[in-house]
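*Asks:* Data file upload12.csv (CSV, C-alpha atoms) is appended below.
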```
chain,number,residue,atom,x,y,z
A,1,MET,CA,53.2,57.0,22.2
A,2,SER,CA,49.7,58.2,22.9
A,3,GLY,CA,47.2,59.2,20.2
A,4,GLU,CA,47.9,62.8,21.1
A,5,GLU,CA,51.5,62.4,20.1
A,6,ARG,CA,51.7,61.5,16.4
A,7,LYS,CA,54.6,59.3,15.2
A,8,ALA,CA,57.1,60.7,12.7
A,9,GLY,CA,56.3,60.1,9.1
A,10,THR,CA,58.2,57.8,6.8
A,11,GLU,CA,59.6,58.1,3.3
A,12,ASN,CA,60.6,55.0,1.4
A,13,GLY,CA,60.4,53.0,4.6
A,14,ILE,CA,62.8,55.4,6.4
A,15,ALA,CA,61.6,57.5,9.3
A,16,THR,CA,61.6,61.2,8.5
A,17,ARG,CA,62.2,64.0,11.0
A,18,ARG,CA,60.1,67.2,10.8
A,19,PRO,CA,62.3,70.4,10.9
A,20,VAL,CA,61.0,72.9,13.5
A,21,PRO,CA,62.5,76.2,14.5
A,22,ILE,CA,62.5,75.6,18.3
A,23,SER,CA,62.1,78.4,20.7
A,24,TRP,CA,64.5,76.9,23.3
A,25,GLU,CA,63.9,79.4,26.1
A,26,ALA,CA,60.1,78.9,26.0
A,27,LEU,CA,60.5,75.1,25.7
A,28,GLU,CA,62.9,75.0,28.6
A,29,ASP,CA,60.4,76.9,30.7
A,30,ALA,CA,57.6,74.4,29.7
A,31,PHE,CA,59.8,71.4,30.7
A,32,GLU,CA,60.6,73.0,34.1
A,33,ASN,CA,57.1,74.1,35.0
A,34,ASN,CA,55.2,71.0,36.2
A,35,ALA,CA,52.3,72.7,37.9
A,36,PRO,CA,49.2,70.5,37.4
A,37,GLU,CA,47.0,73.4,36.1
A,38,VAL,CA,49.6,74.5,33.5
A,39,HIS,CA,49.5,72.7,30.1
A,40,SER,CA,52.2,73.5,27.4
A,41,TYR,CA,52.1,72.7,23.7
A,42,LEU,CA,54.7,73.1,21.0
A,43,HIS,CA,53.5,74.4,17.7
A,44,LEU,CA,55.2,72.4,14.9
A,45,SER,CA,55.2,75.3,12.4
A,46,THR,CA,56.5,78.2,14.4
A,47,GLY,CA,58.4,76.4,17.2
A,48,GLU,CA,56.6,78.6,19.8
A,49,VAL,CA,55.2,77.2,23.0
A,50,MET,CA,51.5,77.7,23.8
A,51,ARG,CA,50.7,77.7,27.5
A,52,VAL,CA,47.1,77.0,28.7
A,53,VAL,CA,46.3,77.5,32.4
A,54,ASP,CA,43.2,75.9,33.9
A,55,GLY,CA,40.7,78.4,35.2
A,56,VAL,CA,42.3,81.2,33.1
A,57,ALA,CA,42.2,80.0,29.5
A,58,ASP,CA,38.9,79.4,27.6
A,59,PRO,CA,38.2,75.6,27.8
A,60,VAL,CA,37.1,75.7,24.1
A,61,THR,CA,40.5,77.0,23.2
A,62,HIS,CA,42.2,74.2,25.1
A,63,THR,CA,40.0,71.6,23.4
A,64,ARG,CA,40.9,73.1,20.0
A,65,ILE,CA,44.6,73.0,20.7
A,66,VAL,CA,44.4,69.4,21.8
A,67,ALA,CA,42.6,68.4,18.6
A,68,ASP,CA,45.0,70.3,16.4
A,69,ASN,CA,47.7,68.1,14.8
A,70,ASN,CA,50.1,71.1,14.6
A,71,TYR,CA,50.5,71.0,18.4
A,72,ARG,CA,52.4,68.5,20.6
A,73,ARG,CA,51.8,68.4,24.3
A,74,VAL,CA,55.0,69.0,26.3
A,75,GLU,CA,55.5,66.7,29.3
A,76,PRO,CA,57.5,68.6,32.0
A,77,VAL,CA,60.2,67.1,34.1
A,78,SER,CA,58.8,65.7,37.4
A,79,SER,CA,59.6,67.4,40.6
A,80,ARG,CA,61.2,64.2,41.8
A,81,GLU,CA,63.7,64.2,38.9
A,82,GLN,CA,64.5,67.9,39.5
A,83,TYR,CA,65.1,67.1,43.2
A,84,ARG,CA,67.7,64.5,42.0
A,85,TRP,CA,69.4,67.2,40.0
A,86,MET,CA,70.0,69.2,43.2
A,87,GLU,CA,71.4,66.1,44.9
A,88,ARG,CA,73.8,65.5,42.0
A,89,PHE,CA,74.9,69.1,41.9
A,90,ILE,CA,75.7,69.1,45.6
A,91,ALA,CA,78.0,66.1,45.0
A,92,THR,CA,80.0,68.4,42.7
A,93,VAL,CA,80.5,71.0,45.4
A,94,ASP,CA,83.8,70.8,47.4
A,95,GLU,CA,83.6,69.6,51.0
A,96,GLY,CA,83.0,72.6,53.2
A,97,PRO,CA,80.4,74.9,54.7
A,98,LEU,CA,78.5,75.5,51.4
A,99,ARG,CA,78.1,71.7,50.8
A,100,GLN,CA,76.8,71.2,54.3
A,101,ARG,CA,74.3,74.1,54.0
A,102,LEU,CA,73.1,72.8,50.7
A,103,LEU,CA,72.6,69.3,52.1
A,104,GLN,CA,70.6,70.8,55.0
A,105,SER,CA,68.5,72.9,52.6
A,106,ILE,CA,67.1,70.0,50.6
A,107,ASP,CA,65.9,68.1,53.7
A,108,GLY,CA,62.2,68.4,54.0
A,109,LYS,CA,59.4,70.5,52.6
A,110,GLY,CA,60.5,73.7,50.9
A,111,ALA,CA,63.7,72.2,49.6
A,112,PHE,CA,63.7,74.0,46.2
A,113,ARG,CA,63.3,77.4,47.7
A,114,ARG,CA,65.8,76.9,50.5
A,115,PHE,CA,68.3,75.5,48.0
A,116,LYS,CA,68.2,78.6,45.8
A,117,ASP,CA,68.3,80.9,48.9
A,118,VAL,CA,71.6,79.3,50.0
A,119,LEU,CA,73.1,79.8,46.6
A,120,MET,CA,72.2,83.5,46.5
A,121,SER,CA,75.2,84.1,48.8
A,122,PHE,CA,77.6,82.2,46.5
A,123,PRO,CA,77.3,83.7,43.0
A,124,VAL,CA,79.9,81.5,41.4
A,125,ASP,CA,78.3,78.3,42.5
A,126,ARG,CA,74.9,79.8,41.7
A,127,GLU,CA,75.9,80.3,38.1
A,128,ARG,CA,77.3,76.7,38.1
A,129,TRP,CA,73.9,75.4,39.2
A,130,PHE,CA,72.1,77.3,36.5
A,131,ALA,CA,74.4,75.8,33.9
A,132,PHE,CA,74.1,72.4,35.5
A,133,ARG,CA,70.3,72.5,35.4
A,134,SER,CA,70.1,73.9,31.9
A,135,GLU,CA,72.3,71.1,30.6
A,136,ARG,CA,69.9,68.5,32.0
A,137,LEU,CA,66.9,70.3,30.8
A,138,ARG,CA,68.4,70.5,27.3
A,139,MET,CA,69.0,66.7,27.4
A,140,CYS,CA,65.4,66.1,28.4
A,141,MET,CA,64.2,68.4,25.6
A,142,GLU,CA,66.4,66.8,23.0
A,143,GLY,CA,65.2,63.3,24.0
A,144,TRP,CA,61.6,64.4,23.8
A,145,LEU,CA,62.1,66.0,20.4
A,146,ASP,CA,63.8,62.9,19.1
A,147,ALA,CA,60.9,60.7,20.3
A,148,GLN,CA,58.5,63.1,18.5
A,149,GLY,CA,60.4,62.9,15.3
A,150,ILE,CA,61.3,66.6,15.4
A,151,GLU,CA,64.5,68.0,14.2
A,152,ALA,CA,65.4,71.4,15.8
A,153,VAL,CA,66.6,73.9,13.2
A,154,ALA,CA,67.8,77.5,13.5
A,155,ARG,CA,65.2,80.1,14.0
A,156,PRO,CA,65.0,82.9,11.5
A,157,GLU,CA,66.7,86.1,12.7
A,158,TRP,CA,65.3,89.6,12.4
A,159,HIS,CA,67.6,91.6,10.1
A,160,VAL,CA,68.1,95.1,11.4
A,161,PRO,CA,69.0,97.3,8.3
A,162,SER,CA,72.1,99.5,8.6
A,163,ALA,CA,71.9,103.2,8.0
A,164,GLU,CA,73.5,102.7,4.6
A,165,GLU,CA,70.9,100.1,3.6
A,166,VAL,CA,68.1,102.4,4.6
A,167,LYS,CA,69.7,105.3,2.7
A,168,GLU,CA,70.0,103.1,-0.4
A,169,GLN,CA,66.4,101.9,-0.2
A,170,THR,CA,65.1,105.5,0.3
A,171,GLU,CA,67.1,106.8,-2.7
A,172,ALA,CA,65.9,103.9,-4.9
A,173,ALA,CA,62.3,104.2,-3.9
A,174,PRO,CA,59.9,106.3,-6.1
A,175,PRO,CA,58.7,109.6,-4.8
A,176,VAL,CA,55.6,109.3,-2.7
A,177,VAL,CA,52.9,112.0,-2.8
A,178,GLU,CA,51.7,112.4,0.8
A,179,ARG,CA,48.1,113.2,1.6
A,180,VAL,CA,47.1,116.1,3.8
A,181,THR,CA,45.3,113.7,6.1
A,182,LYS,CA,48.4,111.5,6.6
A,183,ARG,CA,48.8,110.4,10.2
A,184,PRO,CA,52.1,111.3,12.0
A,185,ARG,CA,54.7,108.7,11.6
A,186,THR,CA,57.3,109.7,14.2
A,187,LEU,CA,57.4,110.5,17.8
A,188,GLU,CA,58.7,114.0,17.1
A,189,VAL,CA,55.8,114.8,14.8
A,190,SER,CA,53.2,113.5,17.3
A,191,ARG,CA,54.7,115.7,20.1
A,192,ALA,CA,54.8,118.7,17.8
A,193,ARG,CA,51.1,118.2,17.0
A,194,ALA,CA,50.3,117.8,20.7
A,195,ARG,CA,52.0,121.1,21.5
A,196,GLU,CA,50.0,122.8,18.8
A,197,LEU,CA,46.8,121.6,20.2
A,198,VAL,CA,47.8,122.7,23.7
A,199,GLU,CA,48.3,126.2,22.5
A,200,VAL,CA,44.8,126.5,21.1
A,201,LEU,CA,42.8,124.7,23.7
A,202,PRO,CA,40.7,126.7,26.2
A,203,VAL,CA,41.5,126.3,29.9
A,204,ARG,CA,38.7,123.9,30.6
A,205,GLU,CA,39.5,121.5,27.8
A,206,LEU,CA,43.2,121.8,28.6
A,207,GLU,CA,42.6,120.6,32.1
A,208,LEU,CA,40.6,117.8,30.8
A,209,ALA,CA,43.3,116.8,28.3
A,210,CYS,CA,46.0,116.9,31.0
A,211,SER,CA,43.9,114.7,33.2
A,212,PHE,CA,43.5,112.2,30.4
A,213,LEU,CA,47.2,112.2,29.6
A,214,THR,CA,48.0,111.7,33.2
A,215,PHE,CA,45.7,108.7,33.3
A,216,LEU,CA,47.4,107.2,30.2
A,217,ALA,CA,50.9,107.7,31.7
A,218,GLU,CA,49.9,106.1,35.0
A,219,ARG,CA,48.3,103.2,33.2
A,220,GLN,CA,51.5,102.6,31.3
A,221,GLN,CA,53.6,102.8,34.4
A,222,ALA,CA,51.3,100.4,36.2
A,223,ALA,CA,51.5,97.9,33.2
A,224,GLU,CA,55.4,98.1,33.3
A,225,ALA,CA,55.3,97.6,37.1
A,226,ARG,CA,53.1,94.5,36.7
A,227,GLU,CA,55.4,93.0,34.1
A,228,LEU,CA,58.5,93.6,36.3
A,229,HIS,CA,56.7,92.1,39.3
A,230,ALA,CA,55.6,89.1,37.3
A,231,SER,CA,59.1,88.5,36.1
A,232,ASP,CA,60.6,88.8,39.6
A,233,ASN,CA,58.0,86.4,41.1
A,234,GLY,CA,58.2,83.9,38.3
A,235,ASP,CA,61.0,81.8,39.8
A,236,ALA,CA,59.6,82.1,43.3
A,237,GLN,CA,56.2,80.8,42.2
A,238,ARG,CA,57.8,77.9,40.3
A,239,ASP,CA,59.9,77.0,43.3
A,240,ARG,CA,56.7,76.9,45.5
A,241,GLN,CA,55.0,74.6,43.0
A,242,LEU,CA,58.0,72.2,43.0
A,243,ASP,CA,58.1,72.2,46.8
A,244,GLU,CA,54.5,71.4,47.1
A,245,GLU,CA,54.8,68.4,44.7
A,246,ALA,CA,58.1,67.1,46.1
```
Would you give me this structure, written as structure tokens?

*Replies:*
Amino acid sequence: MSGEERKAGTENGIATRRPVPISWEALEDAFENNAPEVHSYLHLSTGEVMRVVDGVADPVTHTRIVADNNYRRVEPVSSREQYRWMERFIATVDEGPLRQRLLQSIDGKGAFRRFKDVLMSFPVDRERWFAFRSERLRMCMEGWLDAQGIEAVARPEWHVPSAEEVKEQTEAAPPVVERVTKRPRTLEVSRARARELVEVLPVRELELACSFLTFLAERQQAAEARELHASDNGDAQRDRQLDEEA
């Protein structure tokens, strides 16, 4: 184990395992993404995964994370091993056109992308592949956590209070004297305030306000579009990276 990867502690001569609330989805993504410019670190207190990208993240931040004992560097699964997973999955497919197409797809550069393209037309086998890959990723993650002396524990769940609980808490709470300058707390109040302002604004200021509101709405739509685009292109980008390294 490298100096960067601290060994598990001991208590009375017996190795102890540190409980960490693992964020499995984030850790799985870190194990799958082996792009050389991407570095992933597991935080031992929160179980979250910190991703540092060369050329994007501040080098000082990266240096600080490496020197912090609360982080462990995640070593992703190699593209060679992930290629073997495709070979093993194909062996589970019944003899026929699909198996032949999959065998042809993994021959040569661009194998990862072609492999997934073929499965797009076979939803049942596509879901089987996702389950097959996730199982192997989970085995790799569990082996790594064991080597790091980490015990995965359940993550705390957010409790969403029921209407009855909210009612009981409201009735039990002491009365609150609201100030005149209190900011609106609800969407309805904010909208009502906006309507009041619209009624008293002169035409010139009203046009300016409308332009500003239009700008805010378009900026929000653009942000949502970028998030959707990034989500849709995430798998495609990862496949390209795997193909380049295979």

*Asks:* For stretch 72-156 of chain A versus stretch 62-66 of chain A, which residues have an atom no more than 12 Å away, and what is each residue's nearest atom pair and distance in Å rounded to one decimal, using only C-alpha atoms, chain-then-number order, as CSV?

*Replies:*
```
residue,atom,partner,partner_atom,distance
A:Arg72,CA,A:Val66,CA,8.1
A:Arg73,CA,A:Val66,CA,7.9
A:Val74,CA,A:Val66,CA,11.5
```

*Asks:* When you draw a straight line from atom CA of A:Arg18 to atom CA of A:Glu135, how long is it in Å?

*Replies:*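 Going from atom CA of A:Arg18 over to atom CA of A:Glu135, I get 23.6 Å.
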
*Asks:* What separation in Å, quoted to one decimal, exists between atom CA of A:Gly110 and atom CA of A:Glu32?

*Replies:* 16.8 Å

*Asks:* For atom CA of A:Tyr41 and atom CA of A:Gln148, quote the distance in Å rounded to one decimal.

*Replies:* 12.7 Å

*Asks:* I need the residue nearest A:Asp146 from this list: A:Ala111, A:Val20, A:Ala131, A:Ala209. Use only C-alpha atoms for the distance.

*Replies:*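 For A:Asp146, the nearest of the given residues is A:Val20.
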
*Asks:* Excluding A:Arg155 and its own-chain neighbours fewer than 6 positions away, which residues fall within 10 Å of it when counting all atoms listed in the file? Please give them as an mmCIF file with C-alpha atoms, in the coordinates of the input.

*Replies:*
```cif
data_model
loop_
_atom_site.group_PDB
_atom_site.id
_atom_site.type_symbol
_atom_site.label_atom_id
_atom_site.label_comp_id
_atom_site.auth_asym_id
_atom_site.auth_seq_id
_atom_site.Cartn_x
_atom_site.Cartn_y
_atom_site.Cartn_z
ATOM 1 C CA VAL A 20 61.000 72.900 13.500
ATOM 2 C CA PRO A 21 62.500 76.200 14.500
ATOM 3 C CA ILE A 22 62.500 75.600 18.300
ATOM 4 C CA SER A 23 62.100 78.400 20.700
ATOM 5 C CA TRP A 24 64.500 76.900 23.300
ATOM 6 C CA THR A 46 56.500 78.200 14.400
ATOM 7 C CA GLY A 47 58.400 76.400 17.200
#
```

*Asks:* Taking only C-alpha atoms into account, name the residue in A:Arg138, A:Arg128, A:Arg88, A:Lys116 that is nearest to A:Arg101.

*Replies:*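 Smallest distance to A:Arg101 is found for A:Lys116.
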
*Asks:* Between A:Ser134, A:Glu95, A:Glu37, A:Asn70, single out the one closest to A:Asp54, counting only C-alpha atoms.

*Replies:*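 Smallest separation from A:Asp54 among the options: A:Glu37.
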
*Asks:* Could you check which of A:Pro76, A:Arg193, A:Gln104, A:His39 is closest to A:Pro59, using only C-alpha atoms?

*Replies:* A:His39

*Asks:* For a quick check of understanding, using all atoms listed in the file, which of A:Val38, A:Phe31, A:Thr92, A:Arg17 has the smallest distance to A:Cys140?

*Replies:*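 Among the listed residues, A:Phe31 lies closest to A:Cys140.
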